[in-house]
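Peer 1: See start_7.cif below, with mmCIF, C-alpha atoms.
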```
data_protein
#
loop_
_atom_site.group_PDB
_atom_site.id
_atom_site.type_symbol
_atom_site.label_atom_id
_atom_site.label_comp_id
_atom_site.auth_asym_id
_atom_site.auth_seq_id
_atom_site.Cartn_x
_atom_site.Cartn_y
_atom_site.Cartn_z
ATOM 1 C CA MET A 2 112.625 101.509 99.478
ATOM 2 C CA THR A 3 112.159 101.759 95.722
ATOM 3 C CA SER A 4 109.379 100.276 93.624
ATOM 4 C CA SER A 5 111.704 97.423 92.656
ATOM 5 C CA THR A 6 112.759 96.620 96.221
ATOM 6 C CA PRO A 7 110.689 94.048 98.115
ATOM 7 C CA PRO A 8 109.142 95.285 101.366
ATOM 8 C CA ARG A 9 111.588 94.954 104.251
ATOM 9 C CA LEU A 10 110.007 93.759 107.485
ATOM 10 C CA THR A 11 111.527 93.332 110.948
ATOM 11 C CA VAL A 12 109.735 91.302 113.620
ATOM 12 C CA TRP A 13 110.837 92.312 117.125
ATOM 13 C CA ASN A 14 110.151 90.177 120.194
ATOM 14 C CA GLU A 15 111.296 90.170 123.806
ATOM 15 C CA TYR A 16 111.970 86.421 123.532
ATOM 16 C CA ARG A 17 111.908 85.955 127.295
ATOM 17 C CA HIS A 18 108.706 83.973 127.972
ATOM 18 C CA GLU A 19 109.654 81.261 125.484
ATOM 19 C CA LEU A 20 112.947 80.627 127.297
ATOM 20 C CA GLU A 21 111.434 80.618 130.786
ATOM 21 C CA ASN A 22 107.931 79.125 130.561
ATOM 22 C CA PRO A 23 107.253 75.628 129.140
ATOM 23 C CA LYS A 24 103.623 76.626 128.490
ATOM 24 C CA VAL A 25 104.930 79.176 126.014
ATOM 25 C CA SER A 26 107.755 77.169 124.456
ATOM 26 C CA VAL A 27 105.382 74.326 123.580
ATOM 27 C CA HIS A 28 103.644 76.662 121.124
ATOM 28 C CA TYR A 29 106.681 78.751 120.165
ATOM 29 C CA PRO A 30 109.833 76.621 120.520
ATOM 30 C CA ASP A 31 111.783 79.036 118.303
ATOM 31 C CA GLY A 32 110.077 82.150 119.623
ATOM 32 C CA ILE A 33 106.929 84.094 118.845
ATOM 33 C CA HIS A 34 108.953 86.163 116.384
ATOM 34 C CA SER A 35 109.782 83.081 114.322
ATOM 35 C CA VAL A 36 106.128 82.086 113.920
ATOM 36 C CA ILE A 37 105.092 85.626 112.980
ATOM 37 C CA ALA A 38 107.968 85.867 110.494
ATOM 38 C CA ASP A 39 107.055 82.502 108.931
ATOM 39 C CA GLY A 40 103.451 83.666 108.574
ATOM 40 C CA LEU A 41 104.578 86.785 106.759
ATOM 41 C CA ARG A 42 106.774 84.756 104.412
ATOM 42 C CA ALA A 43 103.831 82.458 103.691
ATOM 43 C CA HIS A 44 101.900 85.558 102.602
ATOM 44 C CA GLY A 45 104.528 86.525 100.062
ATOM 45 C CA PHE A 46 106.948 88.747 101.954
ATOM 46 C CA GLU A 47 110.465 87.866 100.851
ATOM 47 C CA SER A 48 112.525 90.114 103.129
ATOM 48 C CA VAL A 49 111.659 89.341 106.751
ATOM 49 C CA GLN A 50 114.213 89.485 109.558
ATOM 50 C CA THR A 51 113.841 89.150 113.314
ATOM 51 C CA ALA A 52 115.321 90.966 116.288
ATOM 52 C CA THR A 53 115.120 90.274 120.015
ATOM 53 C CA LEU A 54 115.575 92.160 123.258
ATOM 54 C CA ASP A 55 118.836 90.600 124.421
ATOM 55 C CA GLN A 56 120.745 91.214 121.208
ATOM 56 C CA PRO A 57 123.094 94.217 121.113
ATOM 57 C CA GLU A 58 120.965 97.372 120.834
ATOM 58 C CA HIS A 59 117.975 94.978 121.113
ATOM 59 C CA GLY A 60 118.690 93.965 117.517
ATOM 60 C CA LEU A 61 117.544 97.407 116.356
ATOM 61 C CA THR A 62 120.753 99.022 115.226
ATOM 62 C CA ASP A 63 120.689 102.108 113.020
ATOM 63 C CA GLU A 64 121.403 99.881 110.031
ATOM 64 C CA VAL A 65 118.478 97.577 110.838
ATOM 65 C CA LEU A 66 116.006 100.405 111.465
ATOM 66 C CA ASN A 67 117.093 102.392 108.428
ATOM 67 C CA ASN A 68 116.489 99.310 106.282
ATOM 68 C CA THR A 69 113.094 98.442 107.782
ATOM 69 C CA ASP A 70 109.885 99.510 106.064
ATOM 70 C CA VAL A 71 107.567 97.992 108.674
ATOM 71 C CA LEU A 72 108.486 97.021 112.240
ATOM 72 C CA LEU A 73 106.304 94.499 114.099
ATOM 73 C CA TRP A 74 106.589 94.640 117.909
ATOM 74 C CA TRP A 75 105.696 92.017 120.540
ATOM 75 C CA GLY A 76 106.526 92.782 124.170
ATOM 76 C CA HIS A 77 105.088 91.959 127.571
ATOM 77 C CA LYS A 78 107.155 91.445 130.704
ATOM 78 C CA ALA A 79 110.266 93.469 129.908
ATOM 79 C CA HIS A 80 109.088 96.824 128.566
ATOM 80 C CA GLY A 81 111.347 98.541 131.110
ATOM 81 C CA ASP A 82 114.400 96.686 129.774
ATOM 82 C CA VAL A 83 114.120 98.422 126.413
ATOM 83 C CA SER A 84 116.574 101.301 126.407
ATOM 84 C CA ASP A 85 115.182 104.799 126.089
ATOM 85 C CA ALA A 86 117.663 105.462 123.281
ATOM 86 C CA VAL A 87 116.444 102.550 121.146
ATOM 87 C CA ALA A 88 112.802 103.403 121.839
ATOM 88 C CA ALA A 89 113.464 106.975 120.752
ATOM 89 C CA LYS A 90 115.053 105.759 117.505
ATOM 90 C CA VAL A 91 111.976 103.641 116.767
ATOM 91 C CA VAL A 92 109.694 106.624 117.369
ATOM 92 C CA ALA A 93 111.841 108.823 115.117
ATOM 93 C CA ARG A 94 111.722 106.262 112.310
ATOM 94 C CA VAL A 95 107.927 106.026 112.567
ATOM 95 C CA LEU A 96 107.627 109.809 112.336
ATOM 96 C CA ASP A 97 109.830 109.641 109.242
ATOM 97 C CA GLY A 98 107.554 107.059 107.600
ATOM 98 C CA MET A 99 108.351 103.553 108.874
ATOM 99 C CA GLY A 100 105.234 101.493 109.539
ATOM 100 C CA LEU A 101 104.685 100.053 113.026
ATOM 101 C CA ILE A 102 102.484 97.098 113.975
ATOM 102 C CA VAL A 103 102.057 96.742 117.725
ATOM 103 C CA LEU A 104 100.878 93.340 118.901
ATOM 104 C CA HIS A 105 99.051 92.344 122.083
ATOM 105 C CA SER A 106 100.864 93.577 125.211
ATOM 106 C CA GLY A 107 102.978 95.861 123.083
ATOM 107 C CA HIS A 108 100.386 98.478 124.022
ATOM 108 C CA PHE A 109 102.612 99.128 127.066
ATOM 109 C CA SER A 110 105.839 99.371 125.051
ATOM 110 C CA LYS A 111 107.870 102.575 125.219
ATOM 111 C CA PRO A 112 107.505 103.394 121.501
ATOM 112 C CA PHE A 113 103.726 102.904 121.465
ATOM 113 C CA LYS A 114 103.110 104.888 124.655
ATOM 114 C CA THR A 115 105.268 107.718 123.365
ATOM 115 C CA LEU A 116 103.484 107.789 120.016
ATOM 116 C CA MET A 117 100.051 107.668 121.660
ATOM 117 C CA GLY A 118 100.823 110.218 124.368
ATOM 118 C CA THR A 119 98.564 108.394 126.858
ATOM 119 C CA GLY A 120 98.913 105.679 129.505
ATOM 120 C CA CYS A 121 97.584 102.916 127.168
ATOM 121 C CA ASP A 122 96.172 100.985 130.159
ATOM 122 C CA LEU A 123 93.241 98.555 130.079
ATOM 123 C CA LYS A 124 91.447 95.777 131.977
ATOM 124 C CA TRP A 125 92.653 92.172 131.628
ATOM 125 C CA ARG A 126 91.861 88.636 132.740
ATOM 126 C CA GLU A 127 93.778 85.462 131.882
ATOM 127 C CA VAL A 128 91.470 82.434 132.035
ATOM 128 C CA GLY A 129 91.549 81.325 128.392
ATOM 129 C CA GLU A 130 88.052 82.404 127.381
ATOM 130 C CA LYS A 131 86.612 82.649 123.889
ATOM 131 C CA GLU A 132 87.334 85.805 121.912
ATOM 132 C CA ARG A 133 85.354 86.878 118.876
ATOM 133 C CA LEU A 134 86.934 89.660 116.828
ATOM 134 C CA TRP A 135 84.209 91.379 114.826
ATOM 135 C CA VAL A 136 85.148 93.172 111.614
ATOM 136 C CA VAL A 137 83.600 96.627 111.986
ATOM 137 C CA ASN A 138 85.265 98.153 108.903
ATOM 138 C CA PRO A 139 85.000 95.502 106.162
ATOM 139 C CA ALA A 140 86.287 97.861 103.463
ATOM 140 C CA HIS A 141 89.584 98.473 105.256
ATOM 141 C CA PRO A 142 92.682 96.854 103.653
ATOM 142 C CA VAL A 143 93.646 95.210 106.964
ATOM 143 C CA ALA A 144 90.351 93.267 106.945
ATOM 144 C CA GLN A 145 90.617 91.989 103.377
ATOM 145 C CA GLY A 146 90.011 88.247 103.062
ATOM 146 C CA VAL A 147 88.589 88.024 106.586
ATOM 147 C CA GLY A 148 84.977 87.004 107.168
ATOM 148 C CA GLU A 149 82.515 88.736 109.485
ATOM 149 C CA PHE A 150 84.601 87.756 112.490
ATOM 150 C CA ILE A 151 87.559 85.743 113.727
ATOM 151 C CA GLU A 152 86.903 83.375 116.604
ATOM 152 C CA LEU A 153 89.660 82.286 118.993
ATOM 153 C CA GLU A 154 88.765 79.454 121.363
ATOM 154 C CA HIS A 155 91.146 80.568 124.102
ATOM 155 C CA GLU A 156 92.663 83.993 124.672
ATOM 156 C CA GLU A 157 93.492 86.496 127.377
ATOM 157 C CA MET A 158 90.759 89.087 127.901
ATOM 158 C CA TYR A 159 91.414 92.775 127.370
ATOM 159 C CA GLY A 160 88.564 95.094 128.311
ATOM 160 C CA GLU A 161 87.592 98.723 127.939
ATOM 161 C CA HIS A 162 88.349 101.398 128.792
ATOM 162 C CA PHE A 163 91.490 101.251 126.623
ATOM 163 C CA ASP A 164 93.402 104.444 127.393
ATOM 164 C CA ILE A 165 94.450 105.428 123.874
ATOM 165 C CA PRO A 166 93.579 108.416 121.693
ATOM 166 C CA ALA A 167 90.604 107.948 119.401
ATOM 167 C CA PRO A 168 91.889 105.778 116.517
ATOM 168 C CA ASP A 169 91.953 107.160 113.005
ATOM 169 C CA GLU A 170 90.069 104.012 111.988
ATOM 170 C CA LEU A 171 88.663 101.085 113.949
ATOM 171 C CA VAL A 172 88.891 97.762 112.115
ATOM 172 C CA PHE A 173 88.145 95.123 114.798
ATOM 173 C CA VAL A 174 86.152 95.074 118.025
ATOM 174 C CA SER A 175 86.475 92.040 120.301
ATOM 175 C CA TRP A 176 83.809 90.404 122.408
ATOM 176 C CA PHE A 177 84.848 87.984 125.165
ATOM 177 C CA ALA A 178 82.892 85.140 126.733
ATOM 178 C CA GLY A 179 83.037 86.942 130.075
ATOM 179 C CA GLY A 180 81.119 89.865 128.583
ATOM 180 C CA GLU A 181 83.793 92.500 127.990
ATOM 181 C CA VAL A 182 84.439 94.252 124.680
ATOM 182 C CA PHE A 183 87.629 95.860 123.386
ATOM 183 C CA ARG A 184 88.872 97.935 120.445
ATOM 184 C CA SER A 185 91.195 95.285 119.044
ATOM 185 C CA GLY A 186 92.265 96.664 115.682
ATOM 186 C CA CYS A 187 93.130 100.369 115.622
ATOM 187 C CA THR A 188 94.975 102.533 113.117
ATOM 188 C CA PHE A 189 96.856 105.742 113.772
ATOM 189 C CA THR A 190 99.031 108.150 111.797
ATOM 190 C CA ARG A 191 101.976 109.799 113.470
ATOM 191 C CA GLY A 192 104.146 112.079 111.353
ATOM 192 C CA SER A 193 104.575 110.226 108.054
ATOM 193 C CA GLY A 194 104.219 106.769 109.637
ATOM 194 C CA LYS A 195 101.214 104.457 109.879
ATOM 195 C CA ILE A 196 100.551 102.408 113.030
ATOM 196 C CA PHE A 197 98.261 99.416 113.541
ATOM 197 C CA TYR A 198 97.529 98.009 116.987
ATOM 198 C CA PHE A 199 96.252 94.391 116.968
ATOM 199 C CA ARG A 200 95.155 92.882 120.262
ATOM 200 C CA PRO A 201 95.326 89.016 120.077
ATOM 201 C CA GLY A 202 98.492 87.117 120.927
ATOM 202 C CA HIS A 203 98.858 86.076 124.560
ATOM 203 C CA GLU A 204 101.999 83.984 124.850
ATOM 204 C CA THR A 205 100.463 80.830 126.410
ATOM 205 C CA PHE A 206 98.018 80.331 123.516
ATOM 206 C CA PRO A 207 98.855 79.366 119.907
ATOM 207 C CA THR A 208 97.219 82.495 118.498
ATOM 208 C CA TYR A 209 99.955 83.348 116.001
ATOM 209 C CA HIS A 210 99.608 79.925 114.383
ATOM 210 C CA ASN A 211 96.019 80.803 113.431
ATOM 211 C CA PRO A 212 95.821 81.375 109.642
ATOM 212 C CA GLU A 213 93.287 84.190 110.005
ATOM 213 C CA ILE A 214 95.478 86.010 112.508
ATOM 214 C CA GLN A 215 98.434 85.572 110.166
ATOM 215 C CA ARG A 216 96.348 87.010 107.338
ATOM 216 C CA VAL A 217 95.473 90.120 109.352
ATOM 217 C CA ILE A 218 99.109 90.693 110.298
ATOM 218 C CA ALA A 219 100.184 90.328 106.659
ATOM 219 C CA ASN A 220 97.420 92.698 105.538
ATOM 220 C CA ALA A 221 98.532 95.183 108.185
ATOM 221 C CA ALA A 222 102.142 94.979 107.025
ATOM 222 C CA ARG A 223 101.103 95.841 103.480
ATOM 223 C CA TRP A 224 98.854 98.664 104.669
ATOM 224 C CA ALA A 225 101.587 100.159 106.889
ATOM 225 C CA MET A 226 104.202 100.327 104.147
ATOM 226 C CA PRO A 227 105.731 103.778 103.657
ATOM 227 C CA THR A 228 104.163 105.799 100.869
ATOM 228 C CA ALA A 229 105.292 108.901 99.038
ATOM 229 C CA SER A 230 104.229 111.917 101.065
ATOM 230 C CA ALA A 231 104.850 115.628 101.145
ATOM 231 C CA PRO A 232 108.242 116.468 102.698
ATOM 232 C CA ARG A 233 108.195 117.380 106.368
ATOM 233 C CA SER A 234 110.025 120.660 106.880
ATOM 234 C CA PHE A 235 110.504 122.363 110.235
ATOM 235 C CA GLY A 236 112.528 125.098 111.881
ATOM 236 C CA HIS A 237 113.679 128.591 111.016
ATOM 237 C CA ARG A 238 113.213 129.633 107.417
ATOM 238 C CA PRO A 239 115.113 132.918 106.885
ATOM 239 C CA GLU A 240 114.341 133.202 103.165
ATOM 240 C CA PRO A 241 110.666 133.783 102.293
ATOM 241 C CA LEU A 242 109.130 132.289 99.177
ATOM 242 C CA GLU A 243 107.848 135.698 98.098
ATOM 243 C CA LYS A 244 109.644 139.046 98.068
ATOM 244 C CA LEU A 245 108.883 141.015 101.218
#
```
Output the file's structure in the form of structure tokens.
Peer 2:
Amino acid sequence: MTSSTPPRLTVWNEYRHELENPKVSVHYPDGIHSVIADGLRAHGFESVQTATLDQPEHGLTDEVLNNTDVLLWWGHKAHGDVSDAVAAKVVARVLDGMGLIVLHSGHFSKPFKTLMGTGCDLKWREVGEKERLWVVNPAHPVAQGVGEFIELEHEEMYGEHFDIPAPDELVFVSWFAGGEVFRSGCTFTRGSGKIFYFRPGHETFPTYHNPEIQRVIANAARWAMPTASAPRSFGHRPEPLEKL
């Protein structure tokens, strides 16, 4: 990407629940990916494409990945259906500088687990209880324009312990009506790439229609954009910089 090129975003989604469960399709008749993509466009992103699991190469061909500045990933029931080869390509692109935003149950996706190096497990309960996402880092770019908290009337509960490495920065912590808490907005750096994990987004609730959730995702996309960094150089170097 050059300074004159608009940010290029790709929203990836399994797109299975929407085709199989009427409780999901009522909120996302054209897929979760379509609603997320529309929210990004509403926040000024001009170049937003989508990709889904059942497309050839899961829609993530070399051409698509090489022309993606930030990849947004929603997955849940079909993590195992993602090919190891495609997952490895996503990981390689993140290490080379592509931003990655992992949404909701994407914590169990192959790319995220590989990049974290842990099991990424957690507690969960699906009864549609209230979630309050507290902003614990109000100066962070991902939290810009958000108030003290975001309140969702109905969501799936995720609870600690969340088996991830300590985040570089913690932006949101969730409280649930049942009493659990959860680290819901976490940043990481892997190689030259920036990663943001954002918890809300269970498929049977209209979470991605929420303007505040859309704002956070748009903020995260801007934050995760590749930036100029020192070159990464590895391997055998037969010629020393100084005379030996």
Peer 1: Quick check on the file I pasted: which residues fall under the PyMOL selection byres ((chain A and resi 90) around 10)? Write them as number ranges by chain.
Peer 2: A: 61-63, 66-67, 85-89, 91-96, 112
Peer 1: Hey, what's within 9 Å of Val83 of chain A if we count all atoms listed in the file and toss same-chain stuff fewer than 6 positions away? As a list in words, please?
Peer 2: Leu54, Glu58, His59, Ser110 and Lys111 of chain A
Peer 1: Looking at A:Arg238, A:Lys195, A:Lys124, A:Lys131, which one is nearest to Phe183 of chain A, with distances taken over all atoms listed in the file?
Peer 2: A:Lys124
Peer 1: Which residues are near Glu127 of chain A? Cut-off 12 Å, all atoms listed in the file, ignore same chain within fewer than 6 positions. Put them as a list of chain:residue names.
Peer 2: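 Listed by chain and then number, they are A:His155, A:Glu156, A:Glu157, A:Met158, A:Tyr159, A:Gly160, A:Phe177, A:Gly179, A:His203, A:Glu204, A:Thr205, A:Phe206.
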Peer 1: Selection in question (the file shown): the PyMOL selection byres ((chain A and resi 118) around 12). Which residues does it include, as number ranges by chain?
Peer 2: A: 92, 108-117, 119-122, 164-167, 191
Peer 1: Would you list the contacts of Leu171 of chain A as a compact mmCIF listing (two decimals) with C-alpha atoms, in the frame of the given file, taking every protein, DNA or RNA residue within 9 Å and counting only C-alpha atoms, but skipping same-chain residues closer than 5 positions in sequence?
Peer 2:
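What ended up in around_14.txt:
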```txt
# COMPACT_ATOMS: atom_id res chain seq x y z
CA VAL A 136 85.15 93.17 111.61
CA VAL A 137 83.60 96.63 111.99
CA ASN A 138 85.26 98.15 108.90
CA ARG A 184 88.87 97.94 120.44
CA SER A 185 91.20 95.28 119.04
CA GLY A 186 92.26 96.66 115.68
CA CYS A 187 93.13 100.37 115.62
CA THR A 188 94.98 102.53 113.12
```
Peer 1: How close does segment 56-92 of chain A get to segment 223-229 of chain A? List, as a tab-separated table, each residue of segment 56-92 of chain A within 10 Å, its nearest atom pair and the distance in Å to one decimal, counting all atoms listed in the file.
Peer 2:
```
residue	atom	partner	partner_atom	distance
A:Thr69	CA	A:Met226	CA	9.8
A:Asp70	CA	A:Met226	CA	6.1
A:Val71	CA	A:Met226	CA	6.1
A:Leu72	CA	A:Ala225	CA	9.3
```
Peer 1: How would you write, as a list of chain:residue names, the residues chosen by the PyMOL selection byres ((chain A and resi 73) around 10) on this structure?
Peer 2: A:Leu10, A:Thr11, A:Val12, A:Trp13, A:Asn14, A:His34, A:Ile37, A:Ala38, A:Thr51, A:Ala52, A:Val71, A:Leu72, A:Trp74, A:Trp75, A:Gly100, A:Leu101, A:Ile102, A:Val103, A:Leu104, A:Gly107, A:Ile196, A:Phe197, A:Tyr198, A:Ile218, A:Ala221, A:Ala222
Peer 1: Kindly indicate which residue among A:Gln145, A:Asn211, A:Ser26, A:Ser193 lies nearest to Arg233 of chain A, using only C-alpha atoms for the distances.
Peer 2: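 Closest to Arg233 of chain A of all the choices is A:Ser193.
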Peer 1: Of the residues A:Pro212, A:Leu153, A:Glu47, A:Gly40, which is the one nearest to Ser175 of chain A, using all atoms listed in the file?
Peer 2: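 Result for the nearest residue to Ser175 of chain A: A:Leu153.
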Peer 1: Ile214 of chain A: which residues within 10 Å, counting all atoms listed in the file, same-chain residues fewer than 3 positions away excluded, as a list in words?
Peer 2: Ile37, Gly40, Val147, Ile151, Glu152, Leu153, Phe199, Pro201, Gly202, Thr208, Tyr209, His210, Asn211, Val217, Ile218, Ala219 and Asn220 of chain A
Peer 1: For segment 37-59 of chain A, supply N, CA and C atoms and format the output as a PDB file, in the frame of the given file.
Peer 2:
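Generated file (part26.pdb):
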```
ATOM      1  N   ILE A  37     105.614  84.459 113.694  1.00  0.00           N
ATOM      2  CA  ILE A  37     105.092  85.626 112.980  1.00  0.00           C
ATOM      3  C   ILE A  37     105.844  85.820 111.664  1.00  0.00           C
ATOM      4  N   ALA A  38     107.165  85.694 111.704  1.00  0.00           N
ATOM      5  CA  ALA A  38     107.968  85.867 110.494  1.00  0.00           C
ATOM      6  C   ALA A  38     107.611  84.816 109.447  1.00  0.00           C
ATOM      7  N   ASP A  39     107.433  83.559 109.878  1.00  0.00           N
ATOM      8  CA  ASP A  39     107.055  82.502 108.931  1.00  0.00           C
ATOM      9  C   ASP A  39     105.694  82.791 108.309  1.00  0.00           C
ATOM     10  N   GLY A  40     104.765  83.314 109.111  1.00  0.00           N
ATOM     11  CA  GLY A  40     103.451  83.666 108.574  1.00  0.00           C
ATOM     12  C   GLY A  40     103.534  84.756 107.526  1.00  0.00           C
ATOM     13  N   LEU A  41     104.394  85.721 107.742  1.00  0.00           N
ATOM     14  CA  LEU A  41     104.578  86.785 106.759  1.00  0.00           C
ATOM     15  C   LEU A  41     105.190  86.244 105.474  1.00  0.00           C
ATOM     16  N   ARG A  42     106.162  85.360 105.608  1.00  0.00           N
ATOM     17  CA  ARG A  42     106.774  84.756 104.412  1.00  0.00           C
ATOM     18  C   ARG A  42     105.743  83.945 103.635  1.00  0.00           C
ATOM     19  N   ALA A  43     104.871  83.248 104.350  1.00  0.00           N
ATOM     20  CA  ALA A  43     103.831  82.458 103.691  1.00  0.00           C
ATOM     21  C   ALA A  43     102.864  83.340 102.914  1.00  0.00           C
ATOM     22  N   HIS A  44     102.773  84.615 103.291  1.00  0.00           N
ATOM     23  CA  HIS A  44     101.900  85.558 102.602  1.00  0.00           C
ATOM     24  C   HIS A  44     102.661  86.396 101.571  1.00  0.00           C
ATOM     25  N   GLY A  45     103.850  85.937 101.192  1.00  0.00           N
ATOM     26  CA  GLY A  45     104.528  86.525 100.062  1.00  0.00           C
ATOM     27  C   GLY A  45     105.613  87.536 100.363  1.00  0.00           C
ATOM     28  N   PHE A  46     105.876  87.814 101.624  1.00  0.00           N
ATOM     29  CA  PHE A  46     106.948  88.747 101.954  1.00  0.00           C
ATOM     30  C   PHE A  46     108.286  88.011 101.881  1.00  0.00           C
ATOM     31  N   GLU A  47     109.191  88.546 101.094  1.00  0.00           N
ATOM     32  CA  GLU A  47     110.465  87.866 100.851  1.00  0.00           C
ATOM     33  C   GLU A  47     111.562  88.325 101.813  1.00  0.00           C
ATOM     34  N   SER A  48     111.465  89.550 102.295  1.00  0.00           N
ATOM     35  CA  SER A  48     112.525  90.114 103.129  1.00  0.00           C
ATOM     36  C   SER A  48     111.991  90.324 104.545  1.00  0.00           C
ATOM     37  N   VAL A  49     112.141  89.297 105.373  1.00  0.00           N
ATOM     38  CA  VAL A  49     111.659  89.341 106.751  1.00  0.00           C
ATOM     39  C   VAL A  49     112.804  88.934 107.673  1.00  0.00           C
ATOM     40  N   GLN A  50     113.193  89.813 108.573  1.00  0.00           N
ATOM     41  CA  GLN A  50     114.213  89.485 109.558  1.00  0.00           C
ATOM     42  C   GLN A  50     113.610  89.617 110.955  1.00  0.00           C
ATOM     43  N   THR A  51     114.309  89.080 111.940  1.00  0.00           N
ATOM     44  CA  THR A  51     113.841  89.150 113.314  1.00  0.00           C
ATOM     45  C   THR A  51     114.895  89.817 114.194  1.00  0.00           C
ATOM     46  N   ALA A  52     114.434  90.349 115.306  1.00  0.00           N
ATOM     47  CA  ALA A  52     115.321  90.966 116.288  1.00  0.00           C
ATOM     48  C   ALA A  52     114.733  90.723 117.667  1.00  0.00           C
ATOM     49  N   THR A  53     115.591  90.576 118.671  1.00  0.00           N
ATOM     50  CA  THR A  53     115.120  90.274 120.015  1.00  0.00           C
ATOM     51  C   THR A  53     115.801  91.162 121.048  1.00  0.00           C
ATOM     52  N   LEU A  54     115.186  91.225 122.211  1.00  0.00           N
ATOM     53  CA  LEU A  54     115.575  92.160 123.258  1.00  0.00           C
ATOM     54  C   LEU A  54     117.030  92.024 123.686  1.00  0.00           C
ATOM     55  N   ASP A  55     117.518  90.798 123.833  1.00  0.00           N
ATOM     56  CA  ASP A  55     118.836  90.600 124.421  1.00  0.00           C
ATOM     57  C   ASP A  55     119.974  90.645 123.421  1.00  0.00           C
ATOM     58  N   GLN A  56     119.680  90.963 122.170  1.00  0.00           N
ATOM     59  CA  GLN A  56     120.745  91.214 121.208  1.00  0.00           C
ATOM     60  C   GLN A  56     121.333  92.610 121.459  1.00  0.00           C
ATOM     61  N   PRO A  57     122.544  92.859 120.990  1.00  0.00           N
ATOM     62  CA  PRO A  57     123.094  94.217 121.113  1.00  0.00           C
ATOM     63  C   PRO A  57     122.153  95.247 120.500  1.00  0.00           C
ATOM     64  N   GLU A  58     121.904  96.323 121.246  1.00  0.00           N
ATOM     65  CA  GLU A  58     120.965  97.372 120.834  1.00  0.00           C
ATOM     66  C   GLU A  58     119.575  96.791 120.570  1.00  0.00           C
ATOM     67  N   HIS A  59     119.263  95.674 121.268  1.00  0.00           N
ATOM     68  CA  HIS A  59     117.975  94.978 121.113  1.00  0.00           C
ATOM     69  C   HIS A  59     117.742  94.539 119.667  1.00  0.00           C
TER      70      HIS A  59
END
```
